[in-house]
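A.B. asks: Pasting protein.csv here (CSV, C-alpha atoms):
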```
chain,number,residue,atom,x,y,z
T,1,MET,CA,6.3,-20.8,35.2
T,2,ASN,CA,7.2,-18.5,32.3
T,3,SER,CA,6.7,-20.5,29.1
T,4,ASN,CA,9.0,-18.2,27.1
T,5,GLN,CA,12.0,-19.4,29.2
T,6,GLU,CA,13.4,-22.8,28.8
T,7,SER,CA,14.0,-24.7,32.0
T,8,ALA,CA,17.5,-26.0,32.8
T,9,VAL,CA,16.4,-29.6,32.6
T,10,LYS,CA,13.5,-30.5,30.2
T,11,PRO,CA,11.0,-32.6,32.0
T,12,LEU,CA,10.2,-36.1,30.7
T,13,ASN,CA,6.7,-36.7,29.5
T,14,LEU,CA,4.7,-39.1,31.5
T,15,SER,CA,4.4,-41.4,28.5
T,16,ASP,CA,8.2,-41.5,28.1
T,17,VAL,CA,8.5,-42.3,31.8
T,18,ARG,CA,6.1,-45.2,31.4
T,19,ASP,CA,8.2,-46.6,28.6
T,20,ARG,CA,11.5,-46.2,30.5
T,21,ILE,CA,10.4,-46.5,34.1
T,22,SER,CA,13.3,-48.8,35.1
T,23,GLU,CA,15.9,-46.4,33.6
T,24,VAL,CA,14.2,-43.3,35.1
T,25,PHE,CA,14.0,-45.0,38.5
T,26,THR,CA,17.7,-45.9,38.4
T,27,ASP,CA,18.6,-42.3,37.4
T,28,ALA,CA,16.7,-40.9,40.4
T,29,VAL,CA,17.5,-43.4,43.0
T,30,LEU,CA,20.9,-44.9,42.2
T,31,ARG,CA,22.5,-42.0,40.3
T,32,HIS,CA,20.9,-39.5,42.6
T,33,ARG,CA,19.7,-37.3,39.8
T,34,PRO,CA,16.4,-35.6,40.3
T,35,VAL,CA,14.1,-36.4,37.3
T,36,PRO,CA,11.4,-33.8,36.4
T,37,ILE,CA,8.3,-35.3,35.0
T,38,ALA,CA,5.4,-33.4,33.2
T,39,ARG,CA,1.9,-34.4,32.3
T,40,GLY,CA,0.0,-32.4,29.8
T,41,GLY,CA,2.5,-29.5,29.9
T,42,LYS,CA,1.3,-28.1,33.2
T,43,ASP,CA,1.3,-30.8,35.9
T,44,LEU,CA,4.9,-31.0,37.1
T,45,GLY,CA,6.6,-33.4,39.5
T,46,VAL,CA,10.1,-34.4,40.4
T,47,LEU,CA,11.2,-38.0,41.1
T,48,LEU,CA,13.7,-38.0,43.9
T,49,GLY,CA,15.6,-40.8,45.6
T,50,ILE,CA,15.1,-41.2,49.4
T,51,ASP,CA,18.6,-40.1,50.1
T,52,GLU,CA,18.0,-36.8,48.4
T,53,ILE,CA,14.8,-36.3,50.3
T,54,ALA,CA,16.6,-37.1,53.6
T,55,ARG,CA,19.2,-34.5,52.6
T,56,LEU,CA,16.6,-31.8,51.9
T,57,VAL,CA,15.1,-32.2,55.4
T,58,GLU,CA,18.4,-32.6,57.2
T,59,GLY,CA,18.0,-29.3,59.0
T,60,ILE,CA,14.7,-30.3,60.5
T,61,SER,CA,14.7,-31.9,63.9
T,62,PHE,CA,12.3,-33.2,66.6
T,63,GLU,CA,12.5,-32.2,70.2
T,64,PRO,CA,10.6,-34.9,72.3
T,65,GLU,CA,9.9,-34.1,75.9
T,66,VAL,CA,10.0,-36.9,78.5
T,67,PHE,CA,7.7,-36.9,81.5
T,68,LYS,CA,7.8,-39.4,84.3
T,69,GLU,CA,5.2,-40.2,86.9
T,70,ALA,CA,4.6,-43.1,89.3
T,71,GLY,CA,4.3,-46.3,87.1
T,72,ALA,CA,4.4,-44.6,83.7
T,73,VAL,CA,6.6,-42.6,81.4
T,74,SER,CA,5.2,-40.3,78.6
T,75,VAL,CA,7.0,-38.8,75.6
T,76,TRP,CA,5.4,-35.8,74.1
T,77,LEU,CA,6.3,-34.8,70.5
T,78,PRO,CA,5.5,-31.1,70.1
T,79,GLU,CA,6.1,-31.1,66.3
T,80,PHE,CA,3.0,-33.4,65.9
T,81,GLN,CA,1.2,-32.8,69.2
T,82,VAL,CA,1.1,-36.6,69.9
T,83,TYR,CA,2.5,-38.6,72.8
T,84,GLY,CA,3.5,-42.1,73.6
T,85,ARG,CA,3.1,-43.7,77.0
T,86,GLY,CA,4.3,-46.9,78.7
T,87,LYS,CA,5.5,-48.4,81.9
T,88,ASP,CA,9.1,-47.3,81.2
T,89,LEU,CA,10.9,-45.0,78.8
T,90,ALA,CA,11.6,-47.8,76.2
T,91,ALA,CA,7.8,-48.7,76.1
T,92,ALA,CA,6.9,-45.0,75.8
T,93,ARG,CA,9.3,-44.5,72.9
T,94,LEU,CA,7.8,-47.5,71.1
T,95,ASP,CA,4.3,-46.2,71.7
T,96,LEU,CA,5.4,-42.8,70.4
T,97,LEU,CA,6.8,-44.3,67.2
T,98,ASP,CA,3.5,-46.0,66.6
T,99,GLU,CA,1.7,-42.7,67.1
T,100,VAL,CA,4.0,-41.0,64.7
T,101,ARG,CA,3.5,-43.7,62.0
T,102,ASP,CA,-0.2,-43.4,62.5
T,103,TYR,CA,-0.1,-39.6,62.2
T,104,VAL,CA,2.1,-39.6,59.1
T,105,ARG,CA,-0.3,-42.0,57.4
T,106,GLU,CA,-3.4,-40.1,58.4
T,107,TYR,CA,-1.8,-36.8,57.3
T,108,LEU,CA,-0.9,-38.2,53.8
T,109,GLU,CA,-4.2,-40.0,53.4
T,110,GLU,CA,-6.1,-36.7,54.1
T,111,ILE,CA,-3.5,-34.4,52.7
T,112,ASP,CA,-5.9,-31.8,51.4
T,113,SER,CA,-7.5,-31.1,54.7
T,114,TYR,CA,-4.3,-31.4,56.8
T,115,ARG,CA,-2.4,-29.1,54.5
T,116,ALA,CA,-5.2,-26.6,54.8
T,117,ALA,CA,-5.7,-26.9,58.5
T,118,PRO,CA,-4.3,-23.8,60.3
T,119,ASN,CA,-3.0,-26.0,63.2
T,120,ARG,CA,-1.5,-28.7,60.9
T,121,ARG,CA,-0.1,-27.2,57.8
T,122,ALA,CA,3.3,-26.3,59.5
T,123,HIS,CA,3.7,-30.1,60.2
T,124,PHE,CA,4.3,-30.9,56.6
T,125,PRO,CA,8.2,-30.7,56.5
T,126,HIS,CA,8.3,-32.8,59.7
T,127,ILE,CA,5.9,-35.3,58.0
T,128,ILE,CA,8.3,-35.7,55.1
T,129,LYS,CA,11.2,-36.0,57.5
T,130,ALA,CA,9.4,-38.8,59.5
T,131,LEU,CA,8.3,-40.5,56.3
T,132,ALA,CA,11.8,-40.6,54.8
T,133,ALA,CA,13.2,-41.8,58.1
T,134,ASP,CA,10.6,-44.5,58.5
T,135,LEU,CA,11.1,-45.8,54.9
T,136,SER,CA,14.8,-45.9,55.6
T,137,GLY,CA,14.4,-47.7,58.9
T,138,HIS,CA,15.7,-44.8,61.0
T,139,LEU,CA,12.6,-43.4,62.5
T,140,ASP,CA,13.7,-44.0,66.1
T,141,GLY,CA,17.1,-42.5,65.5
T,142,VAL,CA,15.6,-39.4,63.8
T,143,ILE,CA,12.9,-38.7,66.5
T,144,PHE,CA,15.3,-39.3,69.4
T,145,ALA,CA,18.4,-38.0,67.6
T,146,ASP,CA,20.0,-41.4,68.2
T,147,ARG,CA,20.1,-40.8,71.9
T,148,PRO,CA,20.4,-44.2,73.7
T,149,ILE,CA,18.1,-44.8,76.6
T,150,THR,CA,20.2,-44.3,79.7
T,151,GLN,CA,19.6,-44.4,83.4
T,152,ALA,CA,20.6,-40.7,83.4
T,153,GLU,CA,17.8,-39.9,81.0
T,154,GLU,CA,15.4,-41.8,83.1
T,155,GLY,CA,16.6,-39.8,86.1
T,156,LEU,CA,16.3,-36.6,84.1
T,157,ALA,CA,12.8,-37.4,83.2
T,158,ALA,CA,12.0,-38.0,86.9
T,159,ALA,CA,13.5,-34.6,87.8
T,160,ASN,CA,12.2,-32.8,84.8
T,161,VAL,CA,12.1,-29.2,85.8
T,162,ARG,CA,11.1,-27.7,82.5
C,1,MET,CA,-7.8,-28.9,89.9
C,2,PRO,CA,-7.6,-32.7,89.7
C,3,GLN,CA,-5.7,-34.6,87.1
C,4,PRO,CA,-8.1,-36.4,84.7
C,5,THR,CA,-8.3,-40.1,84.0
C,6,PHE,CA,-8.4,-41.5,80.5
C,7,ASP,CA,-12.1,-42.2,81.1
C,8,ASP,CA,-12.6,-38.4,81.7
C,9,ILE,CA,-10.9,-37.7,78.4
C,10,ARG,CA,-13.2,-40.2,76.7
C,11,ARG,CA,-16.3,-38.7,78.3
C,12,PHE,CA,-15.1,-35.2,77.3
C,13,CYS,CA,-14.8,-36.3,73.7
C,14,GLU,CA,-18.3,-37.7,73.7
C,15,ILE,CA,-19.8,-34.6,75.3
C,16,ASP,CA,-17.9,-32.2,73.0
C,17,GLY,CA,-18.9,-34.0,69.8
C,18,TRP,CA,-15.7,-35.6,68.8
C,19,SER,CA,-15.7,-38.5,66.3
C,20,LYS,CA,-14.3,-41.8,67.3
C,21,LYS,CA,-12.0,-43.3,64.7
C,22,GLU,CA,-9.9,-46.2,63.9
C,23,SER,CA,-6.2,-45.7,63.8
C,24,ALA,CA,-5.0,-44.8,60.2
C,25,ARG,CA,-3.2,-48.1,60.1
C,26,GLY,CA,-6.4,-50.0,60.8
C,27,LYS,CA,-5.7,-51.1,64.3
C,28,THR,CA,-7.6,-50.5,67.5
C,29,GLY,CA,-4.6,-51.0,69.9
C,30,ASP,CA,-4.7,-49.9,73.4
C,31,HIS,CA,-6.4,-46.6,72.8
C,32,ASP,CA,-9.6,-45.0,71.6
C,33,ARG,CA,-8.9,-42.3,69.0
C,34,TYR,CA,-10.9,-39.2,68.6
C,35,VAL,CA,-10.9,-36.4,66.1
C,36,LYS,CA,-12.8,-33.1,65.8
C,37,ARG,CA,-12.8,-30.6,62.9
C,38,LEU,CA,-13.4,-27.0,63.7
C,39,GLY,CA,-15.1,-24.4,61.5
C,40,ASP,CA,-11.9,-22.8,60.4
C,41,GLY,CA,-10.5,-26.1,59.2
C,42,SER,CA,-8.4,-26.9,62.3
C,43,ILE,CA,-8.2,-30.6,63.1
C,44,LEU,CA,-8.0,-31.7,66.7
C,45,ARG,CA,-6.8,-35.2,67.6
C,46,THR,CA,-6.5,-37.0,70.8
C,47,LYS,CA,-6.5,-40.5,72.3
C,48,ALA,CA,-7.8,-42.2,75.5
C,49,SER,CA,-6.0,-45.2,76.8
C,50,HIS,CA,-8.2,-48.2,77.7
C,51,SER,CA,-6.6,-48.2,81.1
C,52,LYS,CA,-8.5,-46.2,83.8
C,53,VAL,CA,-5.4,-44.6,85.3
C,54,GLN,CA,-5.0,-41.0,86.0
C,55,ILE,CA,-2.7,-38.8,83.9
C,56,GLY,CA,-0.2,-38.1,86.7
C,57,ASP,CA,2.1,-35.5,85.2
C,58,PRO,CA,0.6,-32.0,85.0
C,59,ARG,CA,2.9,-31.1,82.2
C,60,LEU,CA,1.6,-33.8,80.0
C,61,TRP,CA,-2.0,-32.9,80.9
C,62,HIS,CA,-1.3,-29.3,80.1
C,63,ARG,CA,-0.2,-30.3,76.6
C,64,ILE,CA,-3.2,-32.5,76.1
C,65,TRP,CA,-5.9,-29.9,77.0
C,66,LYS,CA,-4.1,-27.1,75.3
C,67,GLU,CA,-2.6,-28.7,72.1
C,68,GLN,CA,-4.8,-31.7,71.5
C,69,LEU,CA,-8.2,-30.7,72.9
C,70,GLY,CA,-7.8,-27.1,71.7
C,71,LEU,CA,-9.0,-25.5,74.9
C,72,GLU,CA,-8.2,-22.1,76.3
C,73,SER,CA,-8.2,-23.3,79.9
C,74,GLU,CA,-8.3,-26.4,81.9
C,75,GLU,CA,-11.5,-25.2,83.5
C,76,GLN,CA,-13.2,-25.6,80.1
C,77,PHE,CA,-12.5,-29.3,80.3
C,78,TRP,CA,-14.0,-29.7,83.7
C,79,ALA,CA,-17.0,-27.5,83.0
C,80,ALA,CA,-17.9,-29.7,80.0
C,81,ILE,CA,-17.7,-32.8,82.2
C,82,ARG,CA,-19.7,-31.1,85.0
C,83,THR,CA,-22.5,-29.7,82.8
C,84,SER,CA,-22.4,-32.4,80.0
C,85,SER,CA,-22.3,-29.4,77.6
C,86,PRO,CA,-19.9,-29.0,74.7
C,87,VAL,CA,-17.2,-26.3,74.8
C,88,GLN,CA,-18.1,-23.0,73.3
C,89,ARG,CA,-15.1,-22.3,71.2
C,90,ASP,CA,-14.6,-18.6,70.2
C,91,ALA,CA,-14.8,-18.5,66.4
C,92,GLU,CA,-14.1,-22.2,66.4
C,93,ALA,CA,-10.4,-21.5,66.5
C,94,PRO,CA,-8.9,-20.8,69.9
C,95,ARG,CA,-5.5,-21.5,68.6
C,96,GLY,CA,-2.4,-19.4,68.6
C,97,THR,CA,0.9,-20.3,67.0
C,98,PRO,CA,2.2,-23.4,68.7
C,99,ASP,CA,5.1,-22.9,71.1
C,100,TRP,CA,7.5,-25.2,69.2
C,101,LEU,CA,7.0,-23.1,66.0
C,102,ILE,CA,7.6,-19.9,67.9
C,103,ARG,CA,10.9,-21.4,69.2
C,104,ARG,CA,11.9,-22.5,65.7
C,105,LEU,CA,11.2,-19.1,64.3
C,106,ILE,CA,13.4,-17.4,66.9
C,107,HIS,CA,16.2,-19.9,67.2
C,108,GLN,CA,16.5,-21.2,63.6
C,109,VAL,CA,14.9,-18.6,61.4
C,110,GLY,CA,16.4,-15.8,63.4
C,111,LEU,CA,13.3,-13.7,64.0
C,112,THR,CA,13.1,-11.5,67.1
C,113,GLU,CA,10.7,-12.7,69.8
C,114,ASP,CA,8.5,-9.7,69.2
C,115,VAL,CA,8.2,-10.4,65.5
C,116,ALA,CA,7.6,-14.1,66.0
C,117,LEU,CA,4.9,-13.5,68.5
C,118,SER,CA,3.2,-10.9,66.3
C,119,LEU,CA,2.7,-13.4,63.4
C,120,SER,CA,-0.7,-15.1,63.0
C,121,PRO,CA,-0.6,-18.9,63.0
C,122,GLU,CA,-0.9,-18.9,59.2
C,123,GLU,CA,1.9,-16.3,58.8
C,124,ALA,CA,4.1,-18.2,61.2
C,125,ALA,CA,3.5,-21.5,59.3
C,126,ALA,CA,4.2,-19.9,56.0
C,127,ARG,CA,7.4,-18.2,57.3
C,128,TRP,CA,8.6,-21.6,58.7
C,129,GLU,CA,7.8,-23.4,55.4
C,130,ARG,CA,9.7,-20.7,53.4
C,131,PHE,CA,12.7,-21.1,55.7
C,132,ILE,CA,12.6,-24.9,55.4
C,133,THR,CA,12.4,-24.9,51.7
C,134,SER,CA,15.0,-22.3,51.0
C,135,PRO,CA,18.7,-23.2,50.7
C,136,HIS,CA,20.7,-22.2,53.8
C,137,ASP,CA,23.9,-23.2,55.5
```
Would you mind giving the structure from this file in structure tokens?
C.D. replies:
Amino acid sequence: MNSNQESAVKPLNLSDVRDRISEVFTDAVLRHRPVPIARGGKDLGVLLGIDEIARLVEGISFEPEVFKEAGAVSVWLPEFQVYGRGKDLAAARLDLLDEVRDYVREYLEEIDSYRAAPNRRAHFPHIIKALAADLSGHLDGVIFADRPITQAEEGLAAANVR
Amino acid sequence: MPQPTFDDIRRFCEIDGWSKKESARGKTGDHDRYVKRLGDGSILRTKASHSKVQIGDPRLWHRIWKEQLGLESEEQFWAAIRTSSPVQRDAEAPRGTPDWLIRRLIHQVGLTEDVALSLSPEEAAARWERFITSPHD
């Protein structure tokens, strides 16, 4: 950042945020106004409400693949390279959601190594998408694009000719 | 080639030097979870169900050995089981750009197939990240 140019919105100092945390939170979350925050003049962050984050990742989608075999259904999620498995599609979907939550948590807990991993760094936007959806209670709808489980889908899985 | 059981996957992970780990959310659940870190920083993850059933669908098995186990061929899996020897991974990174990312670069970013396929995994990831974080209609 060029220190000779003044930014459009002056970041709040961390100490100011501490004193006015309730007001700052209301600004970001209820008034939907991003709040830039600085510490020591060089560490910069922005506090965003979950709605704004969801909007930022609106264009990102998941494309689960359903595979059916005798006595089991599996759902593979290529964006995270994980799968769920169960005796039917509903059980496989639930297992996949569990896998996704586990992966998001692991990714965020070990963010340095996952962001640096050549085979994981591209997952980051989808991690944010899944996190925001899970926090809002919409993970299932976001992963499966709100597709209901239908007999047709079960049949499609059986006849999957991909 | 036969379809593996989850016991085969568990055995492969033990032979190939994977670490067994708890789920990030602290539960053991119905699976054993394994992770392996390669020399270039790549992180491989897989799971093996406690059931002894076979993975019946070849398309799922293909994704497991390729995407999760990071193998170049199915034969590498069976050779490791047969010989009880870990896989020799070329430069510890037998990984191209994943198929889903290639598809996104072509269909969403608008790259031609030739250009998308010519990018290294790192370049492809950076191009996708740039697209995702830029304003567009």
A.B. asks: Write out as a VMD selection string every residue belonging to chain T that has an atom at most 7 Å from any atom of chain C, counting only C-alpha atoms.
C.D. replies: chain T and resid 67 to 69 78 to 79 81 102 105 to 106 116 to 119 121 to 122
A.B. asks: Given the choices C:Ser73, C:Tyr34, C:His50, C:Ser85, which gets closest to Ser19 of chain C if the distance is worked out from only C-alpha atoms?
C.D. replies: C:Tyr34
A.B. asks: Take atom CA of Met1 of chain C and atom CA of Trp61 of chain C and report the distance between them in Å, one decimal.
C.D. replies: 11.4 Å
A.B. asks: Just to confirm, what's the straight-line distance from atom CA of Leu119 of chain C to atom CA of Arg103 of chain C in Å (one decimal)?
C.D. replies: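 We find that atom CA of Leu119 of chain C and atom CA of Arg103 of chain C lie 12.8 Å from each other.
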A.B. asks: Distance cut-off 12 Å, centre (13.5, -30.9, 30.9) in file coordinates, counting all atoms listed in the file: which residues qualify? Return them as number ranges by chain.
C.D. replies: T: 5-13, 34-38, 41, 44-46
A.B. asks: Between atom CA of Glu99 of chain T and atom CA of Arg33 of chain C, what is the spacing in Å?
C.D. replies: 10.8 Å
A.B. asks: Quick one: of T:Ala28, T:Leu97, T:Ile60, T:Ala90, who's nearest to Phe131 of chain C, counting all atoms listed in the file?
C.D. replies: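 Checking each of T:Ala28, T:Leu97, T:Ile60, T:Ala90 against Phe131 of chain C, counting all atoms listed in the file, the winner is T:Ile60.
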A.B. asks: Pick out the residues sitting within 12 Å of Lys87 of chain T, and hand them over as a list in words; count only C-alpha atoms, and ignore anything fewer than 3 positions along from it in its own chain.
C.D. replies: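 Close residues of Lys87 of chain T: Phe67, Lys68, Glu69, Ala70, Gly71, Ala72, Val73, Ser74, Val75, Gly84, Ala90, Ala91, Ala92, Arg93, Leu94, Asp95 and Glu154 of chain T.
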A.B. asks: Just checking: using only C-alpha atoms, which residue out of C:Ala48, C:Val87, C:Val35, C:Leu105 ends up closest to Asp7 of chain C?
C.D. replies: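 Of all the options, C:Ala48 lies closest to Asp7 of chain C.
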A.B. asks: Near segment 50-56 of chain T, within 8 Å and counting only C-alpha atoms, which residues show up once chain neighbours fewer than 6 positions away are dropped, as a list in words?
C.D. replies: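 Those residues are Val29, His32, Lys129, Ala132, Ala133 and Ser136 of chain T.
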A.B. asks: With N, CA and C atoms retained, output segment 58-73 of chain C as a PDB file, in the first residue's frame.
C.D. replies:
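As written to disk, result_35.pdb reads:
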```pdb
ATOM      1  N   PRO C  58     -16.411 -48.388  -9.892  1.00  0.00           N
ATOM      2  CA  PRO C  58     -15.059 -48.073 -10.388  1.00  0.00           C
ATOM      3  C   PRO C  58     -14.785 -46.582 -10.520  1.00  0.00           C
ATOM      4  N   ARG C  59     -15.845 -45.778 -10.706  1.00  0.00           N
ATOM      5  CA  ARG C  59     -15.612 -44.325 -10.842  1.00  0.00           C
ATOM      6  C   ARG C  59     -15.208 -43.719  -9.503  1.00  0.00           C
ATOM      7  N   LEU C  60     -15.813 -44.200  -8.430  1.00  0.00           N
ATOM      8  CA  LEU C  60     -15.401 -43.714  -7.108  1.00  0.00           C
ATOM      9  C   LEU C  60     -13.971 -44.170  -6.815  1.00  0.00           C
ATOM     10  N   TRP C  61     -13.692 -45.430  -7.111  1.00  0.00           N
ATOM     11  CA  TRP C  61     -12.349 -45.954  -6.848  1.00  0.00           C
ATOM     12  C   TRP C  61     -11.290 -45.180  -7.645  1.00  0.00           C
ATOM     13  N   HIS C  62     -11.621 -44.823  -8.883  1.00  0.00           N
ATOM     14  CA  HIS C  62     -10.705 -44.046  -9.719  1.00  0.00           C
ATOM     15  C   HIS C  62     -10.380 -42.708  -9.052  1.00  0.00           C
ATOM     16  N   ARG C  63     -11.403 -42.064  -8.504  1.00  0.00           N
ATOM     17  CA  ARG C  63     -11.169 -40.773  -7.842  1.00  0.00           C
ATOM     18  C   ARG C  63     -10.353 -40.954  -6.562  1.00  0.00           C
ATOM     19  N   ILE C  64     -10.592 -42.053  -5.858  1.00  0.00           N
ATOM     20  CA  ILE C  64      -9.847 -42.273  -4.615  1.00  0.00           C
ATOM     21  C   ILE C  64      -8.359 -42.469  -4.902  1.00  0.00           C
ATOM     22  N   TRP C  65      -8.024 -43.384  -5.846  1.00  0.00           N
ATOM     23  CA  TRP C  65      -6.589 -43.617  -6.050  1.00  0.00           C
ATOM     24  C   TRP C  65      -5.895 -42.429  -6.710  1.00  0.00           C
ATOM     25  N   LYS C  66      -6.634 -41.740  -7.555  1.00  0.00           N
ATOM     26  CA  LYS C  66      -5.993 -40.617  -8.259  1.00  0.00           C
ATOM     27  C   LYS C  66      -5.948 -39.348  -7.405  1.00  0.00           C
ATOM     28  N   GLU C  67      -7.100 -38.958  -6.888  1.00  0.00           N
ATOM     29  CA  GLU C  67      -7.185 -37.659  -6.199  1.00  0.00           C
ATOM     30  C   GLU C  67      -6.773 -37.749  -4.727  1.00  0.00           C
ATOM     31  N   GLN C  68      -7.217 -38.808  -4.042  1.00  0.00           N
ATOM     32  CA  GLN C  68      -6.923 -38.871  -2.604  1.00  0.00           C
ATOM     33  C   GLN C  68      -5.559 -39.506  -2.333  1.00  0.00           C
ATOM     34  N   LEU C  69      -5.272 -40.629  -2.996  1.00  0.00           N
ATOM     35  CA  LEU C  69      -4.004 -41.315  -2.713  1.00  0.00           C
ATOM     36  C   LEU C  69      -2.845 -40.735  -3.513  1.00  0.00           C
ATOM     37  N   GLY C  70      -3.149 -39.886  -4.490  1.00  0.00           N
ATOM     38  CA  GLY C  70      -2.098 -39.207  -5.252  1.00  0.00           C
ATOM     39  C   GLY C  70      -1.272 -40.165  -6.094  1.00  0.00           C
ATOM     40  N   LEU C  71      -1.917 -41.198  -6.658  1.00  0.00           N
ATOM     41  CA  LEU C  71      -1.176 -42.180  -7.450  1.00  0.00           C
ATOM     42  C   LEU C  71      -1.286 -41.867  -8.939  1.00  0.00           C
ATOM     43  N   GLU C  72      -0.312 -42.342  -9.685  1.00  0.00           N
ATOM     44  CA  GLU C  72      -0.353 -42.134 -11.129  1.00  0.00           C
ATOM     45  C   GLU C  72      -1.114 -43.254 -11.821  1.00  0.00           C
ATOM     46  N   SER C  73      -1.203 -44.399 -11.175  1.00  0.00           N
ATOM     47  CA  SER C  73      -1.943 -45.513 -11.773  1.00  0.00           C
ATOM     48  C   SER C  73      -2.491 -46.396 -10.659  1.00  0.00           C
TER      49      SER C  73
END
```
